[in-house]
file query-v4.txt (compact mmCIF, C-alpha atoms)
# COMPACT_ATOMS: atom_id res chain seq x y z
CA MET A 1 0.00 0.00 0.00
CA ASP A 2 1.06 3.57 -0.69
CA SER A 3 1.34 5.31 2.69
CA GLN A 4 0.92 8.75 1.05
CA ALA A 5 -2.30 7.82 -0.77
CA PRO A 6 -4.59 8.76 2.17
CA ASN A 7 -2.99 12.22 2.39
CA LEU A 8 -3.45 12.84 -1.32
CA ALA A 9 -7.04 11.56 -1.18
CA ALA A 10 -7.79 13.85 1.78
CA TYR A 11 -6.20 16.81 -0.02
CA GLU A 12 -8.32 16.22 -3.12
CA TRP A 13 -11.42 15.70 -0.96
CA ILE A 14 -10.98 18.97 0.92
CA LEU A 15 -10.24 20.87 -2.29
CA GLY A 16 -13.70 19.82 -3.44
CA SER A 17 -15.37 21.53 -0.47
CA GLU A 18 -17.01 24.90 -1.04
CA SER A 19 -16.53 25.79 2.64
CA VAL A 20 -12.72 25.92 2.56
CA CYS A 21 -10.05 27.94 0.78
CA ASP A 22 -6.29 28.44 0.83
CA VAL A 23 -5.51 24.73 1.27
CA LYS A 24 -1.85 23.93 1.96
CA ARG A 25 -0.04 20.65 2.53
CA GLU A 26 2.61 19.79 5.14
CA VAL A 27 2.34 22.87 7.37
CA THR A 28 4.43 23.25 10.52
CA TYR A 29 2.72 24.20 13.76
CA GLY A 30 4.38 23.94 17.16
CA GLN A 31 6.45 20.78 17.24
CA SER A 32 4.51 19.02 14.46
CA ARG A 33 3.88 19.18 10.78
CA PHE A 34 0.21 18.74 9.95
CA ASP A 35 -0.90 17.17 6.69
CA LEU A 36 -3.27 20.02 5.77
CA ALA A 37 -3.92 23.64 6.71
CA PHE A 38 -6.80 25.67 5.31
CA GLN A 39 -9.27 28.45 5.95
CA LEU A 40 -12.87 27.58 6.83
CA ILE A 41 -15.29 29.95 5.12
CA GLY A 42 -18.32 30.98 7.18
CA LYS A 43 -20.53 33.93 8.05
CA ASP A 44 -20.86 35.89 11.25
CA GLU A 45 -24.09 37.16 12.85
CA SER A 46 -24.25 40.15 10.50
CA GLY A 47 -23.78 38.00 7.40
CA CYS A 48 -20.18 39.00 6.76
CA VAL A 49 -17.89 36.31 5.37
CA THR A 50 -15.38 34.97 7.88
CA HIS A 51 -12.26 32.87 7.51
CA THR A 52 -11.16 30.61 10.36
CA PRO A 53 -7.75 28.93 10.15
CA ALA A 54 -7.76 25.16 10.53
CA PHE A 55 -5.39 22.20 10.61
CA MET A 56 -6.03 18.59 9.66
CA GLU A 57 -3.98 15.53 10.40
CA VAL A 58 -4.71 12.48 8.21
CA LYS A 59 -4.27 8.86 9.26
CA GLY A 60 -4.59 5.97 6.82
CA VAL A 61 -6.54 2.99 8.17
CA THR A 62 -5.95 -0.49 6.76
CA LEU A 63 -6.80 -2.72 9.73
CA GLU A 64 -10.25 -4.25 10.08
CA ASN A 65 -11.84 -6.86 12.26
CA HIS A 66 -15.31 -8.16 11.39
CA ASN A 67 -16.12 -5.08 9.25
CA HIS A 68 -14.91 -2.72 11.95
CA ALA A 69 -11.97 -0.41 11.11
CA LEU A 70 -9.20 0.03 13.71
CA PHE A 71 -6.22 2.35 14.15
CA PRO A 72 -3.34 2.10 14.87
CA ASP A 73 -2.09 -1.23 13.57
CA ALA A 74 1.19 -0.65 15.47
CA PRO A 75 2.05 1.62 18.42
CA THR A 76 2.41 5.24 17.29
CA ILE A 77 4.05 7.77 19.58
CA ARG A 78 4.02 10.19 16.62
CA GLY A 79 0.25 9.73 16.26
CA ILE A 80 -0.34 10.67 19.89
CA LYS A 81 1.98 13.66 19.50
CA HIS A 82 -0.11 14.85 16.53
CA ILE A 83 -3.29 14.56 18.60
CA GLU A 84 -1.72 16.60 21.40
CA GLU A 85 -0.64 19.27 18.90
CA LEU A 86 -4.17 19.39 17.47
CA ILE A 87 -5.46 20.04 21.00
CA HIS A 88 -2.92 22.87 21.38
CA ALA A 89 -4.00 24.33 18.04
CA LYS A 90 -7.65 24.20 19.11
CA ASN A 91 -6.78 25.94 22.38
CA ASP A 92 -4.93 28.61 20.37
CA GLY A 93 -8.07 29.43 18.36
CA TYR A 94 -7.66 27.21 15.31
CA GLU A 95 -10.17 24.64 14.18
CA ALA A 96 -8.58 21.20 14.39
CA TYR A 97 -9.47 18.00 12.54
CA LEU A 98 -8.23 14.42 12.69
CA LEU A 99 -9.33 12.48 9.62
CA PHE A 100 -9.10 8.70 9.50
CA VAL A 101 -9.12 7.61 5.86
CA ILE A 102 -10.37 4.02 5.89
CA GLN A 103 -8.93 2.41 2.81
CA MET A 104 -11.88 0.08 2.20
CA LYS A 105 -15.67 -0.06 2.02
CA GLY A 106 -18.22 -1.94 4.11
CA MET A 107 -17.09 -0.85 7.58
CA THR A 108 -19.79 -0.61 10.25
CA GLY A 109 -17.69 1.55 12.56
CA PHE A 110 -14.25 2.90 13.41
CA SER A 111 -12.46 2.63 16.78
CA PRO A 112 -9.01 3.10 18.25
CA ASN A 113 -7.17 -0.21 18.48
CA GLU A 114 -6.92 -0.70 22.25
CA GLU A 115 -5.07 -4.00 21.92
CA THR A 116 -2.23 -2.31 20.09
CA GLN A 117 -2.14 1.00 21.99
CA PRO A 118 -4.65 1.88 24.74
CA GLU A 119 -3.05 5.34 25.08
CA PHE A 120 -4.28 6.24 21.60
CA LYS A 121 -7.90 5.83 22.68
CA GLU A 122 -7.31 8.07 25.70
CA ALA A 123 -5.70 10.69 23.46
CA LEU A 124 -8.73 10.60 21.13
CA LYS A 125 -11.12 11.06 24.07
CA LYS A 126 -9.05 14.03 25.30
CA ALA A 127 -9.10 15.54 21.80
CA LEU A 128 -12.87 15.19 21.50
CA ALA A 129 -13.34 16.86 24.89
CA ALA A 130 -11.11 19.74 23.72
CA GLY A 131 -13.22 20.27 20.59
CA VAL A 132 -11.04 18.57 17.99
CA HIS A 133 -13.22 17.21 15.16
CA ILE A 134 -12.58 13.49 14.69
CA LEU A 135 -13.77 12.15 11.36
CA ALA A 136 -13.66 8.66 9.85
CA TYR A 137 -14.47 8.15 6.16
CA ASP A 138 -14.31 5.11 3.93
CA CYS A 139 -12.98 5.21 0.39
CA GLN A 140 -13.83 4.16 -3.10
CA ILE A 141 -10.75 2.28 -4.28
CA THR A 142 -9.85 1.42 -7.84
CA GLU A 143 -6.59 0.25 -9.36
CA ASN A 144 -5.62 3.87 -10.03
CA SER A 145 -7.50 5.95 -7.48
CA MET A 146 -8.63 6.41 -3.90
CA ILE A 147 -11.56 8.75 -3.28
CA VAL A 148 -12.73 9.71 0.21
CA ASP A 149 -16.39 8.74 0.21
CA GLN A 150 -18.77 8.18 3.15
CA PRO A 151 -18.58 8.85 6.89
CA VAL A 152 -18.12 5.85 9.18
CA PRO A 153 -19.37 6.04 12.79
CA LEU A 154 -16.73 6.73 15.44
CA ILE A 155 -17.09 4.30 18.35
CA LEU A 156 -15.03 5.03 21.44
CA ASP A 157 -16.78 2.83 24.03
call {"tool": "encode", "arguments": {"input": "query-v4.txt", "output": "structure tokens"}}
result
Amino acid sequence: MDSQAPNLAAYEWILGSESVCDVKREVTYGQSRFDLAFQLIGKDESGCVTHTPAFMEVKGVTLENHNHALFPDAPTIRGIKHIEELIHAKNDGYEAYLLFVIQMKGMTGFSPNEETQPEFKEALKKALAAGVHILAYDCQITENSMIVDQPVPLILD
């Protein structure tokens, strides 16, 4: 599998959104480099257009058990570090997203892999409590493409 394919798929997916602009890849923030940075386009109470800076970290998911997607498939200190940096970014006024790109269809849910790394689940719970958006999406896969497709339910308990 191409480990960069989920990042490219996420980049193409976010470029297709009408609610974002100024999308950049591999942007440094704090002690991390996030996969994507962009501006969220919105409107304030008076109807004026607003731009809110945002970061997104992308994780490719290839592990499944009985149609349930799991991450990580191996311990990831770097993955936890990224989650902690997303929390810092959120606390500093940025919007923060963690996108799990599930590289398959037919998944009934997505969860952190507690058997491999219980600390990852705790980091996800902390991120959710801090307001980090945690997304899981499946993909349409062909021989030559990977397209982010449908949301998959996040199950933490």
call {"tool": "closest_residue", "arguments": {"input": "query-v4.txt", "among": "A:Glu64, A:Glu114, A:Glu57, A:Asp35", "to": "Ile83 (chain A)", "atoms": "only C-alpha atoms"}}
result
A:Glu57
call {"tool": "residues_around", "arguments": {"input": "query-v4.txt", "residues": "Gln103 (chain A)", "least_positions_apart": "2", "cutoff": "6 Å", "atoms": "all atoms listed in the file", "output": "list in words"}}
result
Val61, Thr62 and Cys139 of chain A
call {"tool": "closest_atom_pairs", "arguments": {"input": "query-v4.txt", "of": "region 15-79 of chain A", "to": "region 124-137 of chain A", "cutoff": "10 Å", "atoms": "only C-alpha atoms", "output": "Markdown table"}}
result
| residue | atom | partner | partner_atom | distance |
| --- | --- | --- | --- | --- |
| A:Phe55 | CA | A:Val132 | CA | 10.0 |
| A:Met56 | CA | A:His133 | CA | 9.2 |
| A:Glu57 | CA | A:Ile134 | CA | 9.8 |
| A:Val58 | CA | A:Leu135 | CA | 9.6 |
| A:Lys59 | CA | A:Ala136 | CA | 9.4 |
| A:Gly60 | CA | A:Ala136 | CA | 9.9 |
| A:Val61 | CA | A:Ala136 | CA | 9.3 |
| A:Ala69 | CA | A:Ala136 | CA | 9.3 |
call {"tool": "residues_near_point", "arguments": {"input": "query-v4.txt", "point": "(-15.8, -0.4, 20.4)", "cutoff": "10 Å", "atoms": "all atoms listed in the file", "output": "list of chain:residue names"}}
result
A:His68, A:Leu70, A:Gly109, A:Phe110, A:Ser111, A:Pro112, A:Asn113, A:Glu114, A:Leu154, A:Ile155, A:Leu156, A:Asp157
call {"tool": "atom_distance", "arguments": {"input": "query-v4.txt", "atom1": "CA of Gly93 (chain A)", "atom2": "CA of Ser32 (chain A)"}}
result
16.8 Å
call {"tool": "closest_residue", "arguments": {"input": "query-v4.txt", "among": "A:Ile102, A:Met107, A:Ala123, A:Ala37", "to": "Ala54 (chain A)", "atoms": "all atoms listed in the file"}}
result
A:Ala37
call {"tool": "atom_distance", "arguments": {"input": "query-v4.txt", "atom1": "CA of Thr116 (chain A)", "atom2": "CA of Leu98 (chain A)"}}
result
19.3 Å
call {"tool": "residues_around", "arguments": {"input": "query-v4.txt", "residues": "region 22-26 of chain A", "least_positions_apart": "2", "cutoff": "7 Å", "atoms": "only C-alpha atoms", "output": "MDAnalysis selection string"}}
result
chainID A and resid 28 33:39
call {"tool": "closest_residue", "arguments": {"input": "query-v4.txt", "among": "A:Cys48, A:Val148, A:Ile87, A:His82", "to": "Leu8 (chain A)", "atoms": "only C-alpha atoms"}}
result
A:Val148
call {"tool": "closest_residue", "arguments": {"input": "query-v4.txt", "among": "A:Pro153, A:Glu45, A:Ile147, A:Asp73", "to": "Glu12 (chain A)", "atoms": "all atoms listed in the file"}}
result
A:Ile147
call {"tool": "closest_residue", "arguments": {"input": "query-v4.txt", "among": "A:Asn67, A:Thr50, A:Gln117, A:Ser17", "to": "Gly79 (chain A)", "atoms": "only C-alpha atoms"}}
result
A:Gln117
call {"tool": "closest_residue", "arguments": {"input": "query-v4.txt", "among": "A:Met104, A:Ala89, A:Glu115, A:Glu122", "to": "Thr142 (chain A)", "atoms": "all atoms listed in the file"}}
result
A:Met104
call {"tool": "atom_distance", "arguments": {"input": "query-v4.txt", "atom1": "CA of Ser145 (chain A)", "atom2": "CA of Val20 (chain A)"}}
result
23.0 Å
